[in-house]
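So this one's target.txt, compact mmCIF, C-alpha atoms:
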```txt
# COMPACT_ATOMS: atom_id res chain seq x y z
CA MET K 29 13.86 40.07 23.56
CA ARG K 30 15.84 38.37 26.32
CA THR K 31 15.59 40.17 29.66
CA THR K 32 17.42 39.76 32.94
CA PRO K 33 15.99 40.57 36.39
CA THR K 34 17.37 43.82 37.75
CA HIS K 35 18.57 42.16 40.96
CA ASP K 36 21.03 40.11 38.87
CA ARG K 37 22.98 43.18 37.77
CA SER K 38 25.31 43.27 40.78
CA ALA K 39 26.09 39.59 40.45
CA LEU K 40 26.78 39.91 36.74
CA ARG K 41 29.02 42.91 37.31
CA GLU K 42 30.99 40.96 39.88
CA ARG K 43 31.38 38.05 37.48
CA CYS K 44 32.80 40.42 34.87
CA ARG K 45 35.28 41.81 37.36
CA GLU K 46 36.29 38.33 38.50
CA VAL K 47 37.01 37.24 34.92
CA VAL K 48 39.35 40.19 34.51
CA ARG K 49 41.03 39.34 37.81
CA TRP K 50 41.49 35.70 36.81
CA ASN K 51 43.12 36.84 33.58
CA GLU K 52 45.20 39.66 35.05
CA ALA K 53 48.54 38.05 34.24
CA ALA K 54 47.56 37.30 30.65
CA LEU K 55 46.15 40.78 30.03
CA THR K 56 48.99 42.76 31.53
CA GLY K 57 51.42 40.34 29.87
CA LEU K 58 49.81 41.09 26.51
CA SER K 59 50.12 44.82 27.10
CA ARG K 60 53.78 44.56 28.09
CA SER K 61 54.57 42.27 25.15
CA LEU K 62 53.01 44.62 22.59
CA HIS K 63 54.84 47.52 24.20
CA ALA K 64 58.20 45.73 23.99
CA GLU K 65 57.95 45.12 20.24
CA PRO K 66 56.03 48.04 18.71
CA GLU K 67 54.75 47.74 15.15
CA THR K 68 53.56 50.62 12.98
CA ALA K 69 50.46 51.04 10.82
CA PHE K 70 49.47 48.03 8.69
CA ALA K 71 52.57 46.14 9.89
CA GLU K 72 51.17 44.95 13.25
CA HIS K 73 51.48 41.26 12.34
CA ARG K 74 52.87 39.97 15.62
CA SER K 75 50.59 42.21 17.69
CA ALA K 76 47.44 41.07 15.89
CA ALA K 77 48.53 37.44 16.18
CA GLU K 78 49.01 37.77 19.95
CA VAL K 79 45.56 39.29 20.37
CA ALA K 80 44.00 36.56 18.23
CA ALA K 81 45.82 33.76 20.04
CA LEU K 82 44.64 34.86 23.48
CA LEU K 83 41.03 35.10 22.34
CA THR K 84 41.19 31.76 20.55
CA ASP K 85 42.43 30.15 23.76
CA HIS K 86 39.27 31.41 25.48
CA GLY K 87 36.83 30.01 22.95
CA PHE K 88 36.37 32.94 20.60
CA THR K 89 35.98 32.31 16.89
CA VAL K 90 38.62 34.41 15.14
CA GLN K 91 38.67 35.60 11.54
CA ALA K 92 41.91 37.07 10.27
CA PRO K 93 42.63 38.84 8.09
CA VAL K 94 39.40 40.73 7.40
CA ALA K 95 38.32 43.68 5.24
CA GLY K 96 41.31 43.17 2.95
CA LEU K 97 43.67 44.28 5.74
CA ASP K 98 46.37 41.83 6.72
CA THR K 99 46.46 42.95 10.35
CA ALA K 100 42.72 43.38 10.97
CA LEU K 101 40.75 40.72 12.80
CA VAL K 102 37.32 39.89 14.18
CA ALA K 103 36.91 37.63 17.22
CA GLU K 104 33.41 36.61 18.28
CA PHE K 105 31.66 34.86 21.16
CA GLY K 106 27.96 34.31 21.80
CA SER K 107 24.83 34.54 19.69
CA GLY K 108 22.68 37.26 21.27
CA ASP K 109 20.83 39.86 19.26
CA LEU K 110 22.76 42.76 20.81
CA VAL K 111 26.18 42.85 19.14
CA VAL K 112 28.78 44.66 21.26
CA GLY K 113 31.85 45.79 19.34
CA ILE K 114 35.04 46.32 21.33
CA CYS K 115 37.78 48.06 19.37
CA ALA K 116 41.39 47.00 19.86
CA GLU K 117 44.08 49.27 18.45
CA TYR K 118 47.67 48.03 18.45
CA ASP K 119 49.70 50.18 16.06
CA ALA K 120 52.64 52.18 17.38
CA LEU K 121 54.35 55.39 16.30
CA PRO K 122 57.61 55.61 14.34
CA GLU K 123 60.68 56.15 16.55
CA VAL K 124 58.79 56.60 19.87
CA GLY K 125 56.96 53.25 19.86
CA HIS K 126 53.82 52.96 22.00
CA ALA K 127 53.81 56.62 22.95
CA CYS K 128 50.04 56.64 22.46
CA GLY K 129 49.50 53.54 24.58
CA HIS K 130 47.79 51.33 22.03
CA ASN K 131 49.21 48.33 23.87
CA ILE K 132 46.91 49.30 26.75
CA ILE K 133 43.97 49.73 24.36
CA ALA K 134 44.41 46.25 22.92
CA ALA K 135 44.83 44.50 26.26
CA ALA K 136 41.88 46.32 27.85
CA ALA K 137 39.73 45.40 24.84
CA VAL K 138 40.64 41.74 25.19
CA GLY K 139 39.85 41.89 28.90
CA ALA K 140 36.44 43.42 28.28
CA ALA K 141 35.68 40.79 25.63
CA LEU K 142 36.58 37.95 28.01
CA ALA K 143 34.45 39.46 30.78
CA LEU K 144 31.41 39.92 28.55
CA ALA K 145 31.77 36.44 27.09
CA ASP K 146 31.20 35.05 30.57
CA VAL K 147 27.76 36.71 30.80
CA ALA K 148 26.82 36.75 27.11
CA ASP K 149 24.20 34.00 27.33
CA GLU K 150 22.38 35.53 30.30
CA VAL K 151 22.28 39.00 28.79
CA GLY K 152 21.69 38.06 25.14
CA LEU K 153 24.95 39.44 23.76
CA THR K 154 27.21 38.70 20.86
CA VAL K 155 30.66 39.87 21.91
CA ARG K 156 32.80 40.98 18.99
CA LEU K 157 36.35 42.19 19.40
CA LEU K 158 37.46 44.21 16.39
CA GLY K 159 41.20 44.35 15.81
CA THR K 160 41.52 47.72 14.08
CA PRO K 161 44.98 48.49 12.64
CA ALA K 162 46.53 51.77 11.56
CA GLU K 163 44.83 54.34 13.77
CA GLU K 164 47.84 56.67 13.82
CA THR K 165 47.73 56.88 10.05
CA GLY K 166 45.78 54.85 7.53
CA GLY K 167 42.30 54.78 9.08
CA GLY K 168 41.84 51.09 9.75
CA LYS K 169 38.40 51.57 11.28
CA VAL K 170 37.20 53.60 8.30
CA LEU K 171 38.36 50.93 5.89
CA MET K 172 36.71 48.22 7.99
CA MET K 173 33.47 50.21 8.08
CA GLU K 174 33.50 50.52 4.32
CA GLU K 175 33.78 46.73 4.08
CA GLY K 176 30.75 46.21 6.33
CA VAL K 177 32.55 44.97 9.44
CA PHE K 178 30.56 47.32 11.70
CA ASP K 179 27.21 46.94 9.93
CA ASP K 180 25.51 44.78 12.58
CA VAL K 181 27.30 46.22 15.61
CA ALA K 182 24.77 47.87 17.93
CA LEU K 183 27.31 49.70 20.12
CA ALA K 184 31.08 50.10 20.06
CA LEU K 185 33.51 50.72 22.90
CA MET K 186 37.18 51.40 23.46
CA VAL K 187 39.36 53.12 26.05
CA HIS K 188 42.45 55.19 25.30
CA PRO K 189 45.23 56.00 27.78
CA GLY K 190 46.19 59.57 28.56
CA PRO K 191 47.21 61.81 31.44
CA GLU K 192 43.62 62.16 32.74
CA ASP K 193 40.40 60.18 33.04
CA ILE K 194 37.99 61.82 30.57
CA CYS K 195 34.62 60.20 29.96
CA LEU K 196 33.38 62.36 27.07
CA PRO K 197 36.41 63.78 25.25
CA SER K 198 36.39 65.94 22.14
CA SER K 199 38.54 65.42 19.06
CA LEU K 200 39.24 67.19 15.79
CA ALA K 201 38.45 66.05 12.28
CA ILE K 202 41.63 65.48 10.29
CA THR K 203 42.87 64.85 6.78
CA ASP K 204 46.43 63.94 5.80
CA LEU K 205 47.78 65.40 2.57
CA GLU K 206 51.08 64.80 0.83
CA VAL K 207 52.26 67.39 -1.69
CA ARG K 208 54.84 66.36 -4.29
CA TYR K 209 56.71 68.88 -6.44
CA THR K 210 58.53 68.03 -9.64
CA GLY K 211 61.00 70.47 -11.19
CA ARG K 212 64.15 70.06 -13.28
CA ALA K 213 67.62 69.18 -12.00
CA ALA K 214 70.62 71.28 -12.96
CA HIS K 215 74.12 72.13 -11.73
CA ALA K 216 73.50 74.58 -8.88
CA ALA K 217 76.60 76.66 -9.76
CA ALA K 218 77.38 76.07 -13.45
CA ALA K 219 73.87 76.29 -14.89
CA PRO K 220 71.28 77.14 -12.22
CA GLU K 221 69.19 78.97 -14.79
CA LEU K 222 68.37 75.63 -16.41
CA GLY K 223 66.81 74.27 -13.23
CA ARG K 224 63.32 74.38 -11.82
CA ASN K 225 63.81 74.21 -8.06
CA ALA K 226 61.33 71.90 -6.36
CA ALA K 227 62.75 72.87 -2.96
CA ASP K 228 61.87 76.48 -3.68
CA ALA K 229 58.33 75.40 -4.55
CA LEU K 230 58.02 73.72 -1.17
CA THR K 231 59.50 76.77 0.56
CA VAL K 232 56.95 79.07 -1.06
CA ALA K 233 54.15 76.74 0.07
CA GLN K 234 55.50 76.66 3.63
CA VAL K 235 55.71 80.45 3.76
CA ALA K 236 52.14 80.73 2.43
CA ILE K 237 50.89 78.31 5.07
CA GLY K 238 52.77 80.20 7.78
CA LEU K 239 51.14 83.47 6.74
CA LEU K 240 47.72 81.79 6.54
CA ARG K 241 47.90 80.72 10.20
CA GLN K 242 46.91 84.23 11.34
CA HIS K 243 43.59 83.78 9.60
CA LEU K 244 42.70 80.21 10.58
CA GLU K 245 39.32 79.59 12.16
CA PRO K 246 39.18 78.53 15.82
CA GLN K 247 40.38 74.93 16.24
CA GLN K 248 41.81 74.76 12.73
CA MET K 249 45.39 73.48 12.78
CA VAL K 250 48.09 72.75 10.18
CA HIS K 251 51.35 70.94 10.84
CA GLY K 252 53.69 69.00 8.60
CA ILE K 253 57.15 67.66 7.82
CA VAL K 254 59.37 67.61 4.75
CA THR K 255 59.81 64.02 3.64
CA GLU K 256 62.01 64.68 0.58
CA GLY K 257 64.11 67.79 0.23
CA GLY K 258 66.78 67.14 -2.39
CA ALA K 259 69.84 64.92 -2.76
CA ALA K 260 72.84 67.30 -2.65
CA PRO K 261 73.38 71.07 -2.31
CA ASN K 262 75.12 71.32 -5.69
CA ILE K 263 72.12 69.89 -7.55
CA VAL K 264 68.99 71.95 -8.10
CA PRO K 265 66.37 69.67 -6.50
CA ALA K 266 64.05 68.10 -9.06
CA ARG K 267 61.75 66.45 -6.52
CA THR K 268 60.51 67.38 -3.07
CA ALA K 269 57.64 66.24 -0.90
CA ALA K 270 55.98 67.07 2.39
CA VAL K 271 53.18 65.58 4.48
CA TYR K 272 50.72 67.83 6.29
CA ASN K 273 48.01 67.15 8.87
CA LEU K 274 44.99 69.43 8.57
CA ARG K 275 42.62 69.52 11.55
CA ALA K 276 39.39 71.30 12.36
CA ALA K 277 36.49 71.14 14.78
CA GLU K 278 34.23 69.44 12.27
CA GLU K 279 34.06 68.26 8.66
CA ARG K 280 32.80 71.47 7.04
CA SER K 281 35.50 73.57 8.67
CA LEU K 282 38.06 70.96 7.66
CA LYS K 283 36.97 71.20 4.04
CA ARG K 284 37.31 74.99 4.08
CA LEU K 285 40.80 74.64 5.53
CA GLU K 286 41.76 72.04 2.94
CA ASN K 287 40.74 74.35 0.11
CA ARG K 288 43.03 77.08 1.44
CA ILE K 289 45.98 74.75 2.01
CA ARG K 290 45.63 73.36 -1.50
CA ALA K 291 45.90 76.93 -2.76
CA CYS K 292 49.14 77.35 -0.80
CA PHE K 293 50.51 74.19 -2.40
CA GLU K 294 49.52 75.47 -5.84
CA ALA K 295 51.23 78.79 -5.14
CA GLY K 296 54.54 76.99 -4.70
CA ALA K 297 54.22 75.37 -8.09
CA THR K 298 53.09 78.57 -9.81
CA ALA K 299 55.91 80.66 -8.39
CA THR K 300 58.68 78.26 -9.45
CA GLY K 301 57.44 76.69 -12.65
CA CYS K 302 57.27 73.25 -11.08
CA SER K 303 54.42 70.79 -11.34
CA HIS K 304 52.74 69.35 -8.28
CA GLU K 305 50.30 66.71 -7.15
CA ILE K 306 48.41 66.34 -3.89
CA VAL K 307 47.68 62.90 -2.45
CA GLN K 308 45.28 62.17 0.38
CA ILE K 309 47.24 59.51 2.22
CA SER K 310 44.63 58.46 4.79
CA PRO K 311 40.87 58.48 4.98
CA VAL K 312 39.35 61.59 6.53
CA TYR K 313 38.81 61.14 10.28
CA ALA K 314 35.61 62.65 11.67
CA GLU K 315 35.39 64.40 15.02
CA LEU K 316 34.12 62.34 17.95
CA ALA K 317 30.35 62.34 18.51
CA CYS K 318 30.15 59.91 21.42
CA ASP K 319 26.91 58.49 22.79
CA HIS K 320 25.96 60.38 25.95
CA TRP K 321 24.11 57.55 27.68
CA LEU K 322 27.00 55.16 27.20
CA SER K 323 29.45 57.85 28.29
CA GLU K 324 27.51 58.44 31.50
CA GLU K 325 27.35 54.71 32.20
CA TYR K 326 31.10 54.52 31.67
CA ARG K 327 31.50 57.43 34.10
CA ARG K 328 29.56 55.52 36.76
CA SER K 329 31.60 52.41 36.10
CA ILE K 330 34.99 54.07 36.30
CA THR K 331 33.95 55.95 39.44
CA ASP K 332 32.87 52.68 41.05
CA LEU K 333 36.41 51.43 40.38
CA GLY K 334 37.87 54.28 42.41
CA ARG K 335 38.90 56.61 39.62
CA GLU K 336 38.09 60.32 39.57
CA PRO K 337 37.26 61.43 36.04
CA LEU K 338 37.17 65.10 35.09
CA ASP K 339 33.80 66.69 35.74
CA ARG K 340 31.50 67.31 32.83
CA SER K 341 32.22 71.03 32.52
CA THR K 342 36.02 70.60 32.64
CA GLU K 343 36.15 67.78 30.11
CA ARG K 344 34.41 69.91 27.47
CA GLY K 345 37.66 71.80 26.98
CA ARG K 346 39.82 68.70 26.56
CA VAL K 347 40.61 68.07 22.90
CA ILE K 348 42.53 64.81 22.55
CA GLY K 349 43.72 65.12 18.95
CA SER K 350 42.12 63.07 16.20
CA THR K 351 41.02 59.46 15.82
CA ASP K 352 39.30 57.22 13.30
CA MET K 353 36.98 56.23 16.15
CA GLY K 354 35.26 59.50 15.30
CA ASN K 355 33.93 57.89 12.14
CA VAL K 356 32.54 55.02 14.19
CA THR K 357 30.77 57.42 16.57
CA LYS K 358 29.19 59.14 13.57
CA ALA K 359 27.78 55.83 12.37
CA LEU K 360 26.58 54.13 15.57
CA PRO K 361 26.40 54.60 19.35
CA ALA K 362 29.99 54.43 20.58
CA ILE K 363 32.40 55.85 23.15
CA HIS K 364 36.11 56.67 23.27
CA PRO K 365 36.93 57.64 26.89
CA MET K 366 40.44 58.39 28.09
CA ILE K 367 41.84 56.36 30.98
CA ALA K 368 44.62 57.88 33.07
CA VAL K 369 48.11 56.52 33.50
CA GLU K 370 50.67 58.09 35.82
CA CYS K 371 52.99 59.92 33.41
CA GLY K 372 54.19 63.01 35.25
CA ASP K 373 54.31 65.98 32.91
CA ALA K 374 54.37 63.82 29.79
CA VAL K 375 51.62 63.71 27.20
CA ASN K 376 50.76 61.34 24.38
CA HIS K 377 53.30 61.01 21.54
CA GLN K 378 56.27 61.73 23.80
CA ALA K 379 58.93 59.16 24.66
CA GLU K 380 58.22 59.73 28.34
CA PHE K 381 54.59 58.76 27.81
CA ALA K 382 55.70 55.61 26.01
CA ALA K 383 57.72 54.68 29.10
CA ALA K 384 54.67 55.27 31.29
CA CYS K 385 52.66 52.79 29.22
CA ALA K 386 54.66 49.84 30.62
CA THR K 387 54.31 50.47 34.36
CA ALA K 388 52.13 49.37 37.25
CA SER K 389 49.84 52.32 36.53
CA ALA K 390 49.50 51.20 32.91
CA ASP K 391 48.67 47.68 34.08
CA ARG K 392 45.93 49.10 36.29
CA ALA K 393 44.57 51.05 33.31
CA VAL K 394 44.33 47.78 31.36
CA LEU K 395 42.33 46.10 34.13
CA ASP K 396 40.13 49.07 35.03
CA GLY K 397 39.47 49.82 31.38
CA ALA K 398 38.44 46.22 30.74
CA VAL K 399 36.03 46.15 33.68
CA ALA K 400 34.56 49.58 32.95
CA MET K 401 33.84 48.70 29.33
CA ALA K 402 32.31 45.39 30.33
CA TRP K 403 30.09 47.06 32.92
CA THR K 404 29.03 49.71 30.40
CA ALA K 405 28.01 47.12 27.80
CA LEU K 406 26.34 45.03 30.49
CA ALA K 407 24.26 48.03 31.59
CA ALA K 408 23.14 48.61 28.01
CA GLY K 409 22.13 44.98 27.68
CA LEU K 410 20.15 44.96 30.92
CA ASP K 411 18.36 48.28 30.50
CA GLY K 412 15.25 47.54 28.46
CA THR K 413 14.87 51.08 27.15
CA GLN K 414 18.49 51.36 26.05
CA ARG K 415 18.53 47.90 24.55
CA GLU K 416 15.48 48.78 22.51
CA ARG K 417 17.09 52.06 21.43
CA LEU K 418 20.29 50.36 20.33
CA LEU K 419 18.52 47.63 18.39
CA ALA K 420 16.16 50.14 16.78
CA GLY K 421 19.15 52.21 15.71
CA LEU K 422 20.66 49.13 14.15
CA GLY K 423 17.51 48.64 12.14
CA ASP K 424 17.52 52.27 11.03
CA ARG K 425 21.10 51.97 9.83
CA ALA K 426 20.29 48.82 7.89
CA ARG K 427 17.42 50.58 6.12
CA LYS K 428 19.41 53.70 5.27
CA GLY K 429 22.51 51.83 4.15
CA SER K 430 26.08 52.27 5.32
CA THR K 431 27.04 54.33 2.26
CA GLU K 432 25.54 57.41 3.93
CA GLN K 433 27.98 57.23 6.81
CA PHE K 434 31.15 59.31 7.20
CA CYS K 435 33.68 57.07 5.39
CA THR K 436 35.94 58.96 3.02
CA SER K 437 38.80 57.03 1.46
CA GLY K 438 41.92 58.62 0.07
CA GLY K 439 43.03 59.22 -3.45
CA VAL K 440 45.06 61.44 -5.73
CA ALA K 441 43.83 64.97 -6.40
```

Would you mind writing the structure in this file as structure tokens?
Amino acid sequence: MRTTPTHDRSALRERCREVVRWNEAALTGLSRSLHAEPETAFAEHRSAAEVAALLTDHGFTVQAPVAGLDTALVAEFGSGDLVVGICAEYDALPEVGHACGHNIIAAAAVGAALALADVADEVGLTVRLLGTPAEETGGGKVLMMEEGVFDDVALALMVHPGPEDICLPSSLAITDLEVRYTGRAAHAAAAPELGRNAADALTVAQVAIGLLRQHLEPQQMVHGIVTEGGAAPNIVPARTAAVYNLRAAEERSLKRLENRIRACFEAGATATGCSHEIVQISPVYAELACDHWLSEEYRRSITDLGREPLDRSTERGRVIGSTDMGNVTKALPAIHPMIAVECGDAVNHQAEFAAACATASADRAVLDGAVAMAWTALAAGLDGTQRERLLAGLGDRARKGSTEQFCTSGGVA
């Protein structure tokens, strides 16, 4: 195993920071460019190409597409035995664009990759940037895991913008279900008795879900939208559809919730004589289970950069939503800290937060996030005990096989 004298750590950290400084214009320019032209899940063609081009210019070997996903990529530098995976998200939200700040995530990931590439030989690293599409819906990371892209990654890192600096956030497991009702069209005034009203079926289901909310377990959540509600008021609707997010603290609670919501969907069909089908439209996302040692090293790094993350007791109550990075943390040592941008009273998924993700504060988040991730990976590479732990874990995963990991693809039920 390659080792580095402990007195070199400060010098190597400074080299990482200098690389980010040298590339400040390129990194913040990437963030602003992605922000200006947002692309949604599985359609991030220009965004992925910009990320790949910048890494190619700095000597990385880029593979794209990968894992059967047109907008997924893998960029690699170095040949060390410790493979560091840095996740770059770049999908945006419909209508509100980069209101979750994935432009910052992608640019910070590129910055961390460039910084680590500069020290890869001394520390014995292989630096691998993973361009992971479709986090908002679609589960790009889960699909890439199922295709083996993460199999030899010893640790994985990413940073996500938000209103606060949180080193060890919590998230909820989530599944996305679409319910589709099929009835029979008829003239709504002349012959309504001949119809089977698919809109009524959906209404019954919505009422059932509303009544169920009183009895949900702690941290279980249900929210959805109607995506098809009928064509005209004088036609009994023959087809309707809705998409629902189901969330829970962990997978077993999520499964219990799903069983109850499926019963609500069935009630709509039973009450109206319609048929229905339920489609899982994304892989199941697991709750975050971040690596505590890496999280503490990130905390030290971000504090050294002048940030003030929430203390450990306060951050336990911060639930950030849901992410497919949860599946990665269930499979290997990984972290998903939140990095603060100045956004006033706004929160993620609001237009005001999208505006905050193209500001001087957002640019600072790109640079600080890049340096903090690089320093965290560097610390893991230089600490003999942690390096041994990470490599041993990699061996354990290889022996057990990736099929045991939390990777649940969608399908029709």

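Ranking K:Met173, K:Ala95, K:Ala143, K:Met353 by their shortest atom-to-atom distance to K:Asp396, with all atoms listed in the file included, puts K:Ala143 first.
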
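Atom CA of K:Met186 is positioned 27.2 Å from atom CA of K:His251.
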
Could you give me, as JSON lines, every stretch 318-381 of chain K residue with an atom at most 12 Å from stretch 178-181 of chain K, plus its closest atom pair and distance in Å to one decimal, counting only C-alpha atoms, rows ordered by chain then number?
```
{"residue": "K:Met353", "atom": "CA", "partner": "K:Phe178", "partner_atom": "CA", "distance": 11.8}
{"residue": "K:Asn355", "atom": "CA", "partner": "K:Phe178", "partner_atom": "CA", "distance": 11.1}
{"residue": "K:Val356", "atom": "CA", "partner": "K:Phe178", "partner_atom": "CA", "distance": 8.3}
{"residue": "K:Thr357", "atom": "CA", "partner": "K:Phe178", "partner_atom": "CA", "distance": 11.2}
{"residue": "K:Ala359", "atom": "CA", "partner": "K:Phe178", "partner_atom": "CA", "distance": 9.0}
{"residue": "K:Leu360", "atom": "CA", "partner": "K:Val181", "partner_atom": "CA", "distance": 7.9}
{"residue": "K:Pro361", "atom": "CA", "partner": "K:Val181", "partner_atom": "CA", "distance": 9.2}
{"residue": "K:Ala362", "atom": "CA", "partner": "K:Val181", "partner_atom": "CA", "distance": 10.0}
```

| query | Taking all atoms listed in the file into account, which of K:Gly152, K:Gly190, K:Pro261, K:Pro66 comes nearest K:Val369? | reply | K:Gly190

Wanna dump the stretch 288-406 of chain K-stretch 61-65 of chain K contacts at 9 Å for me, each residue with its shortest atom pair and the distance in Å to one decimal, counting all atoms listed in the file, ordered by chain and number, as a Markdown table?
```
| residue | atom | partner | partner_atom | distance |
| --- | --- | --- | --- | --- |
| K:Ala382 | CA | K:His63 | CA | 8.3 |
| K:Cys385 | CA | K:His63 | CA | 7.6 |
| K:Ala386 | CA | K:His63 | CA | 6.8 |
```

Taking all listed atoms of stretch 370-374 of chain K, build the axis-aligned box, pad each of the six sides by 6 Å, then write its centre and edge lengths in Å to one decimal as lines of an AutoDock Vina configuration file.
```
center_x = 52.5
center_y = 62.0
center_z = 32.8
size_x = 15.7
size_y = 19.9
size_z = 18.0
```

Show which residues sit within 6 Å of stretch 398-412 of chain K, as a PDB file with C-alpha atoms, keeping the file's coordinate frame. Count all atoms listed in the file, and ignore same-chain residues fewer than 3 positions away.
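The result, written out as out.pdb:
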```pdb
ATOM      1  CA  ARG K  45      35.280  41.810  37.360  1.00  0.00           C
ATOM      2  CA  ALA K 136      41.880  46.320  27.850  1.00  0.00           C
ATOM      3  CA  GLY K 139      39.850  41.890  28.900  1.00  0.00           C
ATOM      4  CA  ALA K 140      36.440  43.420  28.280  1.00  0.00           C
ATOM      5  CA  LEU K 144      31.410  39.920  28.550  1.00  0.00           C
ATOM      6  CA  GLU K 325      27.350  54.710  32.200  1.00  0.00           C
ATOM      7  CA  TYR K 326      31.100  54.520  31.670  1.00  0.00           C
ATOM      8  CA  SER K 329      31.600  52.410  36.100  1.00  0.00           C
ATOM      9  CA  ILE K 330      34.990  54.070  36.300  1.00  0.00           C
ATOM     10  CA  LEU K 395      42.330  46.100  34.130  1.00  0.00           C
ATOM     11  CA  ARG K 415      18.530  47.900  24.550  1.00  0.00           C
TER      12      ARG K 415
END
```

| task | Find the residues around K:Ala297 up to 9 Å (only C-alpha atoms counted), leave out those fewer than 4 positions away in its own chain, and share them as a PyMOL selection string. | result | chain K and resi 209-211+226+228-230+232-233+293+301-304

| field | Atomic separation - atom CA of K:Leu316 relative to atom CA of K:Leu240, Å | value | 26.3 Å

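Nearest residue to K:Glu78 among K:Ala213, K:Val48, K:Ala54, K:Val94 is K:Ala54, counting all atoms listed in the file.
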
Closest pair table for stretch 219-256 of chain K residues within 10 Å of stretch 196-205 of chain K, only C-alpha atoms, as CSV:
```
residue,atom,partner,partner_atom,distance
K:Gln247,CA,K:Leu200,CA,7.8
K:Gln248,CA,K:Leu200,CA,8.6
K:Met249,CA,K:Ile202,CA,9.2
K:Val250,CA,K:Ile202,CA,9.7
K:His251,CA,K:Asp204,CA,9.9
K:Gly252,CA,K:Leu205,CA,9.2
```

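Considering the residues K:Ala266, K:Val271, K:Ile194, K:Leu101 and counting all atoms listed in the file, K:Val254 has its shortest atom-to-atom contact with K:Val271.
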
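Checking K:Glu117, K:Asp352, K:Val147, K:Asp193 one by one against K:Arg340, counting all atoms listed in the file, you find the shortest gap at K:Asp193.
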
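For the pair atom CA of K:Pro311 and atom CA of K:Gly166, the interatomic distance is 6.6 Å.
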
| Ref. answer, residues at most 12 Å from (40.1, 57.0, 39.6) with all atoms listed in the file, as a PyMOL selection string | chain K and resi 191-195+327-338+366-370+389+392-393+396-397+400

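Minimum distance to K:Asp146 across K:Phe70, K:Tyr118, K:Trp321, K:Phe88 (counting all atoms listed in the file) occurs at K:Phe88.
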
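The protein and nucleic acid residues lying at most 12 Å from K:Pro246 are Leu200, Arg241, Gln242, His243, Met249, Arg275, Ala276, Ala277, Glu278, Ser281, Leu282 and Leu285 of chain K, with all atoms listed in the file considered and sequence neighbours fewer than 3 positions away removed.
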
Residues of the last selection are to be written out with C-alpha atoms, as a short mmCIF file (atom, residue, chain, number, x, y, z; two decimals), in the coordinates of the input.
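selection28.cif written:
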```cif
data_model
loop_
_atom_site.label_atom_id
_atom_site.label_comp_id
_atom_site.auth_asym_id
_atom_site.auth_seq_id
_atom_site.Cartn_x
_atom_site.Cartn_y
_atom_site.Cartn_z
CA LEU K 200 39.24 67.19 15.79
CA ARG K 241 47.90 80.72 10.20
CA GLN K 242 46.91 84.23 11.34
CA HIS K 243 43.59 83.78 9.60
CA MET K 249 45.39 73.48 12.78
CA ARG K 275 42.62 69.52 11.55
CA ALA K 276 39.39 71.30 12.36
CA ALA K 277 36.49 71.14 14.78
CA GLU K 278 34.23 69.44 12.27
CA SER K 281 35.50 73.57 8.67
CA LEU K 282 38.06 70.96 7.66
CA LEU K 285 40.80 74.64 5.53
#
```

| message | Residues near K:Val375, anyone? I mean within 9 Å using all atoms listed in the file, not counting same-chain ones fewer than 4 positions away, as number ranges by chain. | response | K: 127-128, 190-191, 371, 379-381

| query | Which residues, written as a PyMOL selection string, have at least one atom at most 9 Å from K:Arg290, with all atoms listed in the file counted and residues fewer than 5 positions away on the same chain left out? | reply | chain K and resi 207+285+295+306

Write stretch 210-218 of chain K as a short mmCIF file (atom, residue, chain, number, x, y, z; two decimals), keeping the file's coordinate frame, completed to N, CA and C atoms.
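Heads up, here's the output in part23.cif:
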```
data_model
loop_
_atom_site.label_atom_id
_atom_site.label_comp_id
_atom_site.auth_asym_id
_atom_site.auth_seq_id
_atom_site.Cartn_x
_atom_site.Cartn_y
_atom_site.Cartn_z
N THR K 210 57.57 68.51 -8.64
CA THR K 210 58.53 68.03 -9.64
C THR K 210 59.04 69.22 -10.44
N GLY K 211 60.37 69.39 -10.42
CA GLY K 211 61.00 70.47 -11.19
C GLY K 211 61.97 69.90 -12.21
N ARG K 212 63.15 70.53 -12.34
CA ARG K 212 64.15 70.06 -13.28
C ARG K 212 65.53 70.22 -12.62
N ALA K 213 66.28 69.14 -12.60
CA ALA K 213 67.62 69.18 -12.00
C ALA K 213 68.58 69.97 -12.89
N ALA K 214 69.56 70.58 -12.25
CA ALA K 214 70.62 71.28 -12.96
C ALA K 214 71.79 71.47 -12.01
N HIS K 215 72.96 71.83 -12.57
CA HIS K 215 74.12 72.13 -11.73
C HIS K 215 73.83 73.45 -11.00
N ALA K 216 73.91 73.42 -9.67
CA ALA K 216 73.50 74.58 -8.88
C ALA K 216 74.42 75.78 -9.07
N ALA K 217 75.67 75.55 -9.55
CA ALA K 217 76.60 76.66 -9.76
C ALA K 217 76.84 76.94 -11.24
N ALA K 218 77.01 75.89 -12.05
CA ALA K 218 77.38 76.07 -13.45
C ALA K 218 76.21 76.47 -14.32
#
```
